>>> print(open('entry00.cif').read())   # mmCIF, C-alpha atoms
data_data
#
loop_
_atom_site.label_atom_id
_atom_site.label_comp_id
_atom_site.auth_asym_id
_atom_site.auth_seq_id
_atom_site.Cartn_x
_atom_site.Cartn_y
_atom_site.Cartn_z
CA MET A 7 147.52 131.68 154.58
CA ARG A 8 148.98 133.09 151.35
CA ILE A 9 152.46 133.07 152.82
CA ILE A 10 152.10 129.40 153.78
CA CYS A 11 150.93 128.54 150.23
CA VAL A 12 153.88 130.39 148.73
CA ILE A 13 156.30 128.59 151.04
CA LEU A 14 154.77 125.22 150.15
CA LEU A 15 155.03 125.99 146.44
CA VAL A 16 158.70 126.98 146.81
CA VAL A 17 159.46 123.81 148.78
CA LEU A 18 157.65 121.70 146.17
CA PHE A 19 159.52 123.40 143.31
CA LEU A 20 162.91 122.93 144.97
CA GLY A 21 162.09 119.30 145.73
CA CYS A 22 161.15 118.59 142.10
CA LYS A 23 164.25 120.40 140.84
CA LYS A 24 166.44 118.42 143.23
CA GLN A 25 164.90 115.15 142.01
CA ILE A 26 165.47 116.10 138.34
CA ILE A 27 169.12 116.89 139.08
CA LYS A 28 169.49 113.61 141.00
CA ASN A 29 167.98 111.62 138.12
CA GLU A 30 170.26 113.35 135.62
CA MET A 31 173.36 112.67 137.72
CA ASN A 32 172.36 109.00 138.10
CA LEU A 33 172.10 108.67 134.31
CA MET A 34 175.50 110.31 133.89
CA ASN A 35 177.00 107.84 136.34
CA GLU A 36 175.55 105.00 134.22
CA MET A 37 177.21 106.32 131.05
CA ASN A 38 180.32 104.21 130.47
CA PHE A 39 182.98 104.17 127.75
CA VAL A 40 183.77 100.84 126.05
CA PRO A 41 186.91 100.88 123.84
CA ASN A 42 186.63 99.60 120.22
CA LYS A 43 182.88 98.97 120.52
CA SER A 44 180.71 100.45 117.77
CA ILE A 45 177.07 101.48 117.54
CA LYS A 46 175.03 99.15 115.34
CA ILE A 47 173.70 101.42 112.61
CA LYS A 48 170.90 99.87 110.58
CA ASN A 49 171.81 99.35 106.92
CA LEU A 50 175.17 101.14 107.21
CA LEU A 51 177.81 99.42 109.32
CA PRO A 52 180.42 98.25 108.71
CA PHE A 53 181.65 101.37 106.97
CA LYS A 54 183.02 100.82 103.48
CA LYS A 55 186.36 102.63 103.82
CA ASP A 56 189.33 102.89 106.15
CA ASN A 57 188.19 103.69 109.68
CA VAL A 58 189.09 103.02 113.29
CA CYS A 59 186.43 102.79 116.00
CA ILE A 60 187.79 104.44 119.13
CA GLY A 61 184.87 103.20 121.21
CA SER A 62 181.34 103.86 122.38
CA TYR A 63 179.53 105.36 125.34
CA THR A 64 176.84 103.09 126.70
CA ILE A 65 173.89 103.28 129.07
CA LYS A 66 172.72 99.89 130.36
CA ASN A 67 174.64 98.04 127.61
CA ASP A 68 173.01 100.14 124.89
CA SER A 69 175.55 102.03 122.77
CA ILE A 70 174.38 105.63 122.41
CA VAL A 71 177.48 107.42 121.08
CA SER A 72 180.39 106.11 119.01
CA GLN A 73 183.65 107.80 118.01
CA PHE A 74 185.61 107.01 114.84
CA GLU A 75 188.73 108.16 113.03
CA ILE A 76 188.20 108.10 109.26
CA GLN A 77 191.12 107.71 106.84
CA SER A 78 193.44 109.10 109.55
CA LYS A 79 192.15 112.57 108.58
CA TYR A 80 188.69 113.04 110.04
CA SER A 81 186.90 112.65 113.33
CA LEU A 82 183.39 111.19 113.19
CA ILE A 83 180.97 111.05 116.09
CA VAL A 84 177.69 109.11 115.80
CA ILE A 85 174.79 109.71 118.19
CA LYS A 86 171.82 107.33 118.26
CA LEU A 87 168.28 108.49 119.01
CA LYS A 88 165.40 106.10 119.65
CA ASN A 89 161.66 106.28 119.08
CA ILE A 90 161.73 108.72 116.17
CA SER A 91 158.32 109.62 114.76
CA LYS A 92 157.85 108.88 111.04
CA ASN A 93 156.59 112.43 110.60
CA TYR A 94 159.20 114.21 112.71
CA THR A 95 160.17 117.73 111.66
CA PHE A 96 163.67 119.12 111.37
CA ASN A 97 164.25 122.87 111.66
CA HIS A 98 167.39 124.97 111.33
CA HIS A 99 167.81 128.31 113.09
CA GLN A 100 170.70 130.73 112.75
CA SER A 101 171.44 132.13 116.19
CA ASN A 102 174.61 133.57 117.71
CA ASN A 103 173.62 133.00 121.31
CA TYR A 104 171.49 130.05 122.34
CA PRO A 105 171.43 129.19 126.09
CA THR A 106 172.58 125.72 127.17
CA SER A 107 171.90 125.39 130.87
CA GLY A 108 171.83 122.06 132.67
CA TYR A 109 174.02 119.05 133.36
CA PHE A 110 176.02 117.49 130.54
CA SER A 111 178.42 114.65 129.84
CA THR A 112 181.37 115.85 127.76
CA ILE A 113 183.04 113.93 124.94
CA ASP A 114 186.42 115.17 123.71
CA GLU A 115 186.65 115.38 119.91
CA GLY A 116 190.16 116.83 119.82
CA LEU A 117 189.50 120.28 118.35
CA TYR A 118 186.19 120.68 120.17
CA GLU A 119 183.89 119.04 122.72
CA VAL A 120 180.45 117.49 122.39
CA ASN A 121 178.22 118.05 125.40
CA LEU A 122 175.30 115.68 125.91
CA SER A 123 172.31 115.85 128.22
CA THR A 124 171.49 112.23 129.00
CA GLU A 125 167.80 113.20 128.95
CA VAL A 126 168.20 113.01 125.16
CA PHE A 127 168.42 109.23 125.38
CA LYS A 128 165.21 108.65 127.32
CA ASP A 129 162.81 107.07 124.83
CA ALA A 130 159.51 107.05 126.72
CA HIS A 131 158.08 109.61 124.31
CA LYS A 132 158.37 109.84 120.54
CA ILE A 133 160.74 112.38 119.04
CA ASN A 134 158.52 114.62 116.94
CA ARG A 135 160.81 117.59 116.43
CA ILE A 136 164.54 118.26 116.12
CA ASP A 137 165.87 121.83 116.06
CA PHE A 138 169.41 122.66 114.96
CA PHE A 139 170.77 126.03 116.06
CA SER A 140 174.08 127.34 114.70
CA ASP A 141 175.89 130.65 114.59
CA LYS A 142 176.38 130.26 110.81
CA GLU A 143 174.04 129.30 108.00
CA VAL A 144 174.01 125.65 106.87
CA ASN A 145 174.33 124.48 103.25
CA TYR A 146 172.26 121.43 102.34
CA GLN A 147 173.52 118.72 99.98
CA VAL A 148 170.59 116.35 100.64
CA ASN A 149 167.29 117.17 102.33
CA ASN A 150 164.59 114.50 102.25
CA ASP A 151 162.50 112.44 104.68
CA THR A 152 165.32 109.97 105.40
CA ILE A 153 168.54 111.98 105.06
CA LYS A 154 169.39 115.56 105.89
CA SER A 155 173.01 116.29 105.00
CA PHE A 156 174.64 119.70 105.23
CA ASP A 157 177.92 121.46 105.90
CA LEU A 158 178.66 124.46 108.07
CA ASN A 159 181.44 126.43 109.66
CA PHE A 160 180.62 126.77 113.34
CA ASN A 161 181.79 128.23 116.59
CA LYS A 162 178.77 126.75 118.39
CA TYR A 163 175.83 124.56 117.48
CA VAL A 164 172.93 123.26 119.55
CA ILE A 165 170.62 120.32 118.82
CA LYS A 166 167.35 120.44 120.73
CA ILE A 167 164.93 117.51 120.95
CA ASN A 168 161.14 118.01 121.16
CA SER A 169 161.57 121.71 122.08
CA GLU A 170 162.66 120.61 125.59
CA ASP A 171 165.41 122.59 127.32
CA THR A 172 166.59 119.44 129.14
CA LYS A 173 167.10 117.48 125.89
CA VAL A 174 170.08 119.19 124.31
CA ILE A 175 173.33 118.32 122.52
CA TYR A 176 175.76 121.15 121.90
CA SER A 177 179.33 121.93 120.88
CA LYS A 178 181.45 125.02 121.19
CA ILE A 179 184.99 125.55 119.92
CA GLU A 180 187.36 125.64 122.88
CA TYR A 181 190.63 124.83 121.13
CA TYR A 182 193.24 127.53 121.69
CA GLY A 183 193.63 129.82 118.69
CA LEU A 184 190.72 128.23 116.76
CA LYS A 185 187.64 130.41 116.33
CA SER A 186 185.57 128.17 114.04
CA LEU A 187 185.61 124.71 112.50
CA ASN A 188 184.24 123.17 109.31
CA ALA A 189 181.87 120.25 109.78
CA ASN A 190 179.65 117.90 107.81
CA VAL A 191 176.44 116.99 109.64
CA LEU A 192 174.02 114.25 108.60
CA PHE A 193 170.71 113.13 110.13
CA TYR A 194 169.70 109.63 109.06
CA THR A 195 166.42 107.98 110.06
CA VAL A 196 165.57 104.32 109.51
CA GLU A 197 162.49 102.60 110.94
CA ASN A 198 162.10 104.12 114.44
CA GLU A 199 165.72 105.12 115.00
CA GLY A 200 167.68 108.22 114.15
CA TYR A 201 171.43 108.77 113.87
CA ILE A 202 173.31 112.05 114.02
CA PHE A 203 176.70 111.99 112.23
CA ILE A 204 179.13 114.86 112.80
CA MET A 205 182.43 114.84 110.87
CA THR A 206 185.25 117.32 111.47
CA PRO A 207 188.98 117.42 110.68
CA LEU A 208 191.30 115.69 113.13
CA LYS A 209 193.68 118.67 112.87
CA LYS A 210 192.96 122.29 112.09
CA ASP A 211 195.02 122.33 108.87
CA ILE A 212 193.05 119.45 107.24
CA SER A 213 190.45 120.52 104.69
CA LEU A 214 186.93 119.10 104.68
CA ASP A 215 184.93 118.91 101.45
CA LYS A 216 181.27 119.91 101.65
CA ASN A 217 179.80 116.50 100.83
CA ILE A 218 182.51 114.12 102.06
CA LEU A 219 180.39 112.68 104.88
CA TYR A 220 177.43 111.86 102.62
CA ASP A 221 179.74 110.30 100.01
CA TYR A 222 181.51 108.30 102.70
CA LEU A 223 178.29 106.85 104.10
CA PHE A 224 176.21 106.38 100.97
CA GLY A 225 178.56 106.75 97.99
#
>>> encode(input="entry00.cif", output="structure tokens")
Amino acid sequence: MRIICVILLVVLFLGCKKQIIKNEMNLMNEMNFVPNKSIKIKNLLPFKKDNVCIGSYTIKNDSIVSQFEIQSKYSLIVIKLKNISKNYTFNHHQSNNYPTSGYFSTIDEGLYEVNLSTEVFKDAHKINRIDFFSDKEVNYQVNNDTIKSFDLNFNKYVIKINSEDTKVIYSKIEYYGLKSLNANVLFYTVENEGYIFIMTPLKKDISLDKNILYDYLFG
């Protein structure tokens, strides 16, 4: 009897896992790239200074990720999160090795890649917690309820939503000969939406000031 129960539990587990993978792959197949289309960012767009919108990734006509070139010097990626709680918490952790298992869509940012689990964009439940893991310490310029702006030099970072292993965004330097990269990161919340801005140099020999992203968006 015990053996039969164990077998049934294994079959049930494998069936659930297979369904999760199938759902994730279906969402990935729905993720399309639309050239020159930009995310609508409340109270911010259009940007004030020279920029080119490369395009956006969409799911069911909703733009979830946009890519920009700023002043022909910087790469800017913008990721939109829905259903953000007014009292959400943001936590930073310094960690050299954070696991990132699962299925991801990959966006090429030139010097590095951004890997997205499409589970991040499901908005059935409120986002109450965002955790940012990086192999180096971050340096805050602004840290309040609406804006969290900081710079870091990273080899890898991971953004985890609601402490769920399936809701992850991460980047790791893969460019040949480049071990780390300077970045400005900014979390901006307005009403029930959140936006993650990540700015990096377009080329490895371009410098990046510590507060250039914040000044660009709000200066």
>>> residues_around(input="entry00.cif", residues="Ile202 in chain A", least_positions_apart="3", cutoff="9 Å", atoms="only C-alpha atoms", output="mmCIF file with C-alpha atoms, keeping the file's coordinate frame")
data_model
loop_
_atom_site.group_PDB
_atom_site.id
_atom_site.type_symbol
_atom_site.label_atom_id
_atom_site.label_comp_id
_atom_site.auth_asym_id
_atom_site.auth_seq_id
_atom_site.Cartn_x
_atom_site.Cartn_y
_atom_site.Cartn_z
ATOM 1 C CA ILE A 83 180.970 111.050 116.090
ATOM 2 C CA VAL A 84 177.690 109.110 115.800
ATOM 3 C CA ILE A 85 174.790 109.710 118.190
ATOM 4 C CA LYS A 86 171.820 107.330 118.260
ATOM 5 C CA LEU A 87 168.280 108.490 119.010
ATOM 6 C CA VAL A 191 176.440 116.990 109.640
ATOM 7 C CA LEU A 192 174.020 114.250 108.600
ATOM 8 C CA PHE A 193 170.710 113.130 110.130
ATOM 9 C CA TYR A 194 169.700 109.630 109.060
ATOM 10 C CA THR A 195 166.420 107.980 110.060
#
>>> resolve_selection(input="entry00.cif", expression="the PyMOL selection byres ((chain A and resi 157) around 7)", output="compact mmCIF listing (two decimals) with C-alpha atoms, in the coordinates of the input")
# COMPACT_ATOMS: atom_id res chain seq x y z
CA VAL A 144 174.01 125.65 106.87
CA ASN A 145 174.33 124.48 103.25
CA TYR A 146 172.26 121.43 102.34
CA PHE A 156 174.64 119.70 105.23
CA LEU A 158 178.66 124.46 108.07
CA ALA A 189 181.87 120.25 109.78
CA ASN A 190 179.65 117.90 107.81
CA VAL A 191 176.44 116.99 109.64
CA LYS A 216 181.27 119.91 101.65
>>> resolve_selection(input="entry00.cif", expression="the PyMOL selection byres ((chain A and resi 140) around 9)", output="list of chain:residue names")
A:His98, A:His99, A:Gln100, A:Ser101, A:Asn102, A:Asn103, A:Tyr104, A:Phe138, A:Phe139, A:Asp141, A:Lys142, A:Glu143, A:Val144, A:Leu158, A:Asn159, A:Phe160, A:Asn161, A:Lys162, A:Tyr163, A:Val164, A:Ile165
>>> closest_residue(input="entry00.cif", among="A:Glu119, A:Glu75, A:Glu36, A:Glu199", to="Asp56 in chain A", atoms="all atoms listed in the file")
A:Glu75
>>> residues_around(input="entry00.cif", residues="Ser62 in chain A", least_positions_apart="2", cutoff="10 Å", atoms="only C-alpha atoms", output="PyMOL selection string")
chain A and resi 37-45+59-60+64+68-74+83-85
>>> atom_distance(input="entry00.cif", atom1="CA of Lys173 in chain A", atom2="CA of His131 in chain A")
12.1 Å
>>> residues_around(input="entry00.cif", residues="Lys54 in chain A", least_positions_apart="5", cutoff="10 Å", atoms="all atoms listed in the file", output="list of chain:residue names")
A:Tyr222, A:Leu223, A:Phe224, A:Gly225
>>> closest_residue(input="entry00.cif", among="A:Lys88, A:Lys55, A:Lys46, A:Lys79", to="Asp211 in chain A", atoms="all atoms listed in the file")
A:Lys79
>>> closest_residue(input="entry00.cif", among="A:Val120, A:Val196, A:Val148, A:Ile136", to="Ser169 in chain A", atoms="only C-alpha atoms")
A:Ile136
>>> residues_around(input="entry00.cif", residues="Ile212 in chain A", least_positions_apart="5", cutoff="10 Å", atoms="only C-alpha atoms", output="list in words")
Lys79, Tyr80, Asn188, Thr206 and Pro207 of chain A
>>> atom_distance(input="entry00.cif", atom1="CA of Gly61 in chain A", atom2="CA of Val174 in chain A")
22.0 Å
>>> atom_distance(input="entry00.cif", atom1="CA of Leu50 in chain A", atom2="CA of Gly200 in chain A")
12.4 Å
>>> closest_residue(input="entry00.cif", among="A:Tyr118, A:Phe127, A:Phe53, A:Tyr63", to="Lys185 in chain A", atoms="all atoms listed in the file")
A:Tyr118
>>> resolve_selection(input="entry00.cif", expression="the PyMOL selection byres ((chain A and resi 171) around 10)", output="JSON, numbers by chain")
{"A": [105, 106, 107, 108, 123, 125, 166, 167, 168, 169, 170, 172, 173, 174]}
>>> decode(input="entry00.cif", residues="range 147-174 of chain A", atoms="N, CA and C atoms", output="PDB file, in the first residue's frame")
ATOM      1  N   GLN A 147      21.972  56.247  -4.020  1.00  0.00           N
ATOM      2  CA  GLN A 147      21.886  57.697  -4.169  1.00  0.00           C
ATOM      3  C   GLN A 147      20.547  58.200  -3.619  1.00  0.00           C
ATOM      4  N   VAL A 148      19.476  57.426  -3.882  1.00  0.00           N
ATOM      5  CA  VAL A 148      18.137  57.758  -3.394  1.00  0.00           C
ATOM      6  C   VAL A 148      17.506  56.473  -2.872  1.00  0.00           C
ATOM      7  N   ASN A 149      16.859  56.568  -1.714  1.00  0.00           N
ATOM      8  CA  ASN A 149      16.198  55.383  -1.147  1.00  0.00           C
ATOM      9  C   ASN A 149      14.972  55.833  -0.366  1.00  0.00           C
ATOM     10  N   ASN A 150      13.827  55.896  -1.065  1.00  0.00           N
ATOM     11  CA  ASN A 150      12.586  56.266  -0.401  1.00  0.00           C
ATOM     12  C   ASN A 150      11.460  55.350  -0.864  1.00  0.00           C
ATOM     13  N   ASP A 151      10.231  55.666  -0.511  1.00  0.00           N
ATOM     14  CA  ASP A 151       9.102  54.786  -0.823  1.00  0.00           C
ATOM     15  C   ASP A 151       8.829  54.677  -2.319  1.00  0.00           C
ATOM     16  N   THR A 152       9.185  55.704  -3.082  1.00  0.00           N
ATOM     17  CA  THR A 152       8.873  55.744  -4.512  1.00  0.00           C
ATOM     18  C   THR A 152      10.060  55.373  -5.389  1.00  0.00           C
ATOM     19  N   ILE A 153      11.245  55.801  -5.002  1.00  0.00           N
ATOM     20  CA  ILE A 153      12.447  55.622  -5.824  1.00  0.00           C
ATOM     21  C   ILE A 153      13.557  54.982  -5.006  1.00  0.00           C
ATOM     22  N   LYS A 154      14.160  53.968  -5.571  1.00  0.00           N
ATOM     23  CA  LYS A 154      15.359  53.366  -5.004  1.00  0.00           C
ATOM     24  C   LYS A 154      16.397  53.334  -6.114  1.00  0.00           C
ATOM     25  N   SER A 155      17.403  54.203  -5.988  1.00  0.00           N
ATOM     26  CA  SER A 155      18.406  54.370  -7.039  1.00  0.00           C
ATOM     27  C   SER A 155      19.784  54.074  -6.470  1.00  0.00           C
ATOM     28  N   PHE A 156      20.517  53.195  -7.153  1.00  0.00           N
ATOM     29  CA  PHE A 156      21.852  52.844  -6.664  1.00  0.00           C
ATOM     30  C   PHE A 156      22.750  52.432  -7.829  1.00  0.00           C
ATOM     31  N   ASP A 157      24.049  52.433  -7.567  1.00  0.00           N
ATOM     32  CA  ASP A 157      25.004  51.963  -8.561  1.00  0.00           C
ATOM     33  C   ASP A 157      25.732  50.749  -7.998  1.00  0.00           C
ATOM     34  N   LEU A 158      26.270  49.945  -8.906  1.00  0.00           N
ATOM     35  CA  LEU A 158      27.054  48.790  -8.500  1.00  0.00           C
ATOM     36  C   LEU A 158      27.944  48.354  -9.643  1.00  0.00           C
ATOM     37  N   ASN A 159      28.946  47.591  -9.303  1.00  0.00           N
ATOM     38  CA  ASN A 159      29.797  46.928 -10.279  1.00  0.00           C
ATOM     39  C   ASN A 159      29.526  45.442 -10.119  1.00  0.00           C
ATOM     40  N   PHE A 160      28.997  44.804 -11.148  1.00  0.00           N
ATOM     41  CA  PHE A 160      28.518  43.429 -10.978  1.00  0.00           C
ATOM     42  C   PHE A 160      29.120  42.463 -11.977  1.00  0.00           C
ATOM     43  N   ASN A 161      29.217  41.222 -11.555  1.00  0.00           N
ATOM     44  CA  ASN A 161      29.412  40.107 -12.460  1.00  0.00           C
ATOM     45  C   ASN A 161      28.094  39.375 -12.653  1.00  0.00           C
ATOM     46  N   LYS A 162      27.279  39.371 -11.561  1.00  0.00           N
ATOM     47  CA  LYS A 162      25.956  38.755 -11.623  1.00  0.00           C
ATOM     48  C   LYS A 162      25.035  39.451 -10.640  1.00  0.00           C
ATOM     49  N   TYR A 163      23.800  39.650 -11.045  1.00  0.00           N
ATOM     50  CA  TYR A 163      22.767  40.097 -10.112  1.00  0.00           C
ATOM     51  C   TYR A 163      21.504  39.274 -10.351  1.00  0.00           C
ATOM     52  N   VAL A 164      20.690  39.182  -9.319  1.00  0.00           N
ATOM     53  CA  VAL A 164      19.433  38.442  -9.396  1.00  0.00           C
ATOM     54  C   VAL A 164      18.350  39.272  -8.726  1.00  0.00           C
ATOM     55  N   ILE A 165      17.208  39.412  -9.385  1.00  0.00           N
ATOM     56  CA  ILE A 165      16.036  40.080  -8.808  1.00  0.00           C
ATOM     57  C   ILE A 165      14.960  39.016  -8.610  1.00  0.00           C
ATOM     58  N   LYS A 166      14.520  38.873  -7.370  1.00  0.00           N
ATOM     59  CA  LYS A 166      13.552  37.839  -7.029  1.00  0.00           C
ATOM     60  C   LYS A 166      12.265  38.486  -6.530  1.00  0.00           C
ATOM     61  N   ILE A 167      11.138  38.052  -7.065  1.00  0.00           N
ATOM     62  CA  ILE A 167       9.840  38.627  -6.740  1.00  0.00           C
ATOM     63  C   ILE A 167       9.083  37.725  -5.760  1.00  0.00           C
ATOM     64  N   ASN A 168       8.614  38.330  -4.662  1.00  0.00           N
ATOM     65  CA  ASN A 168       7.777  37.618  -3.681  1.00  0.00           C
ATOM     66  C   ASN A 168       8.417  36.337  -3.140  1.00  0.00           C
ATOM     67  N   SER A 169       9.746  36.318  -3.082  1.00  0.00           N
ATOM     68  CA  SER A 169      10.487  35.168  -2.532  1.00  0.00           C
ATOM     69  C   SER A 169      10.194  33.869  -3.279  1.00  0.00           C
ATOM     70  N   GLU A 170       9.750  33.976  -4.548  1.00  0.00           N
ATOM     71  CA  GLU A 170       9.399  32.793  -5.333  1.00  0.00           C
ATOM     72  C   GLU A 170      10.517  32.469  -6.318  1.00  0.00           C
ATOM     73  N   ASP A 171      10.980  31.214  -6.288  1.00  0.00           N
ATOM     74  CA  ASP A 171      12.084  30.798  -7.146  1.00  0.00           C
ATOM     75  C   ASP A 171      11.734  30.856  -8.631  1.00  0.00           C
ATOM     76  N   THR A 172      10.444  30.830  -8.959  1.00  0.00           N
ATOM     77  CA  THR A 172      10.032  30.865 -10.365  1.00  0.00           C
ATOM     78  C   THR A 172       9.880  32.293 -10.893  1.00  0.00           C
ATOM     79  N   LYS A 173       9.978  33.292 -10.004  1.00  0.00           N
ATOM     80  CA  LYS A 173       9.816  34.690 -10.420  1.00  0.00           C
ATOM     81  C   LYS A 173      11.139  35.418 -10.259  1.00  0.00           C
ATOM     82  N   VAL A 174      11.972  35.284 -11.287  1.00  0.00           N
ATOM     83  CA  VAL A 174      13.360  35.736 -11.196  1.00  0.00           C
ATOM     84  C   VAL A 174      13.777  36.457 -12.476  1.00  0.00           C
TER      85      VAL A 174
END
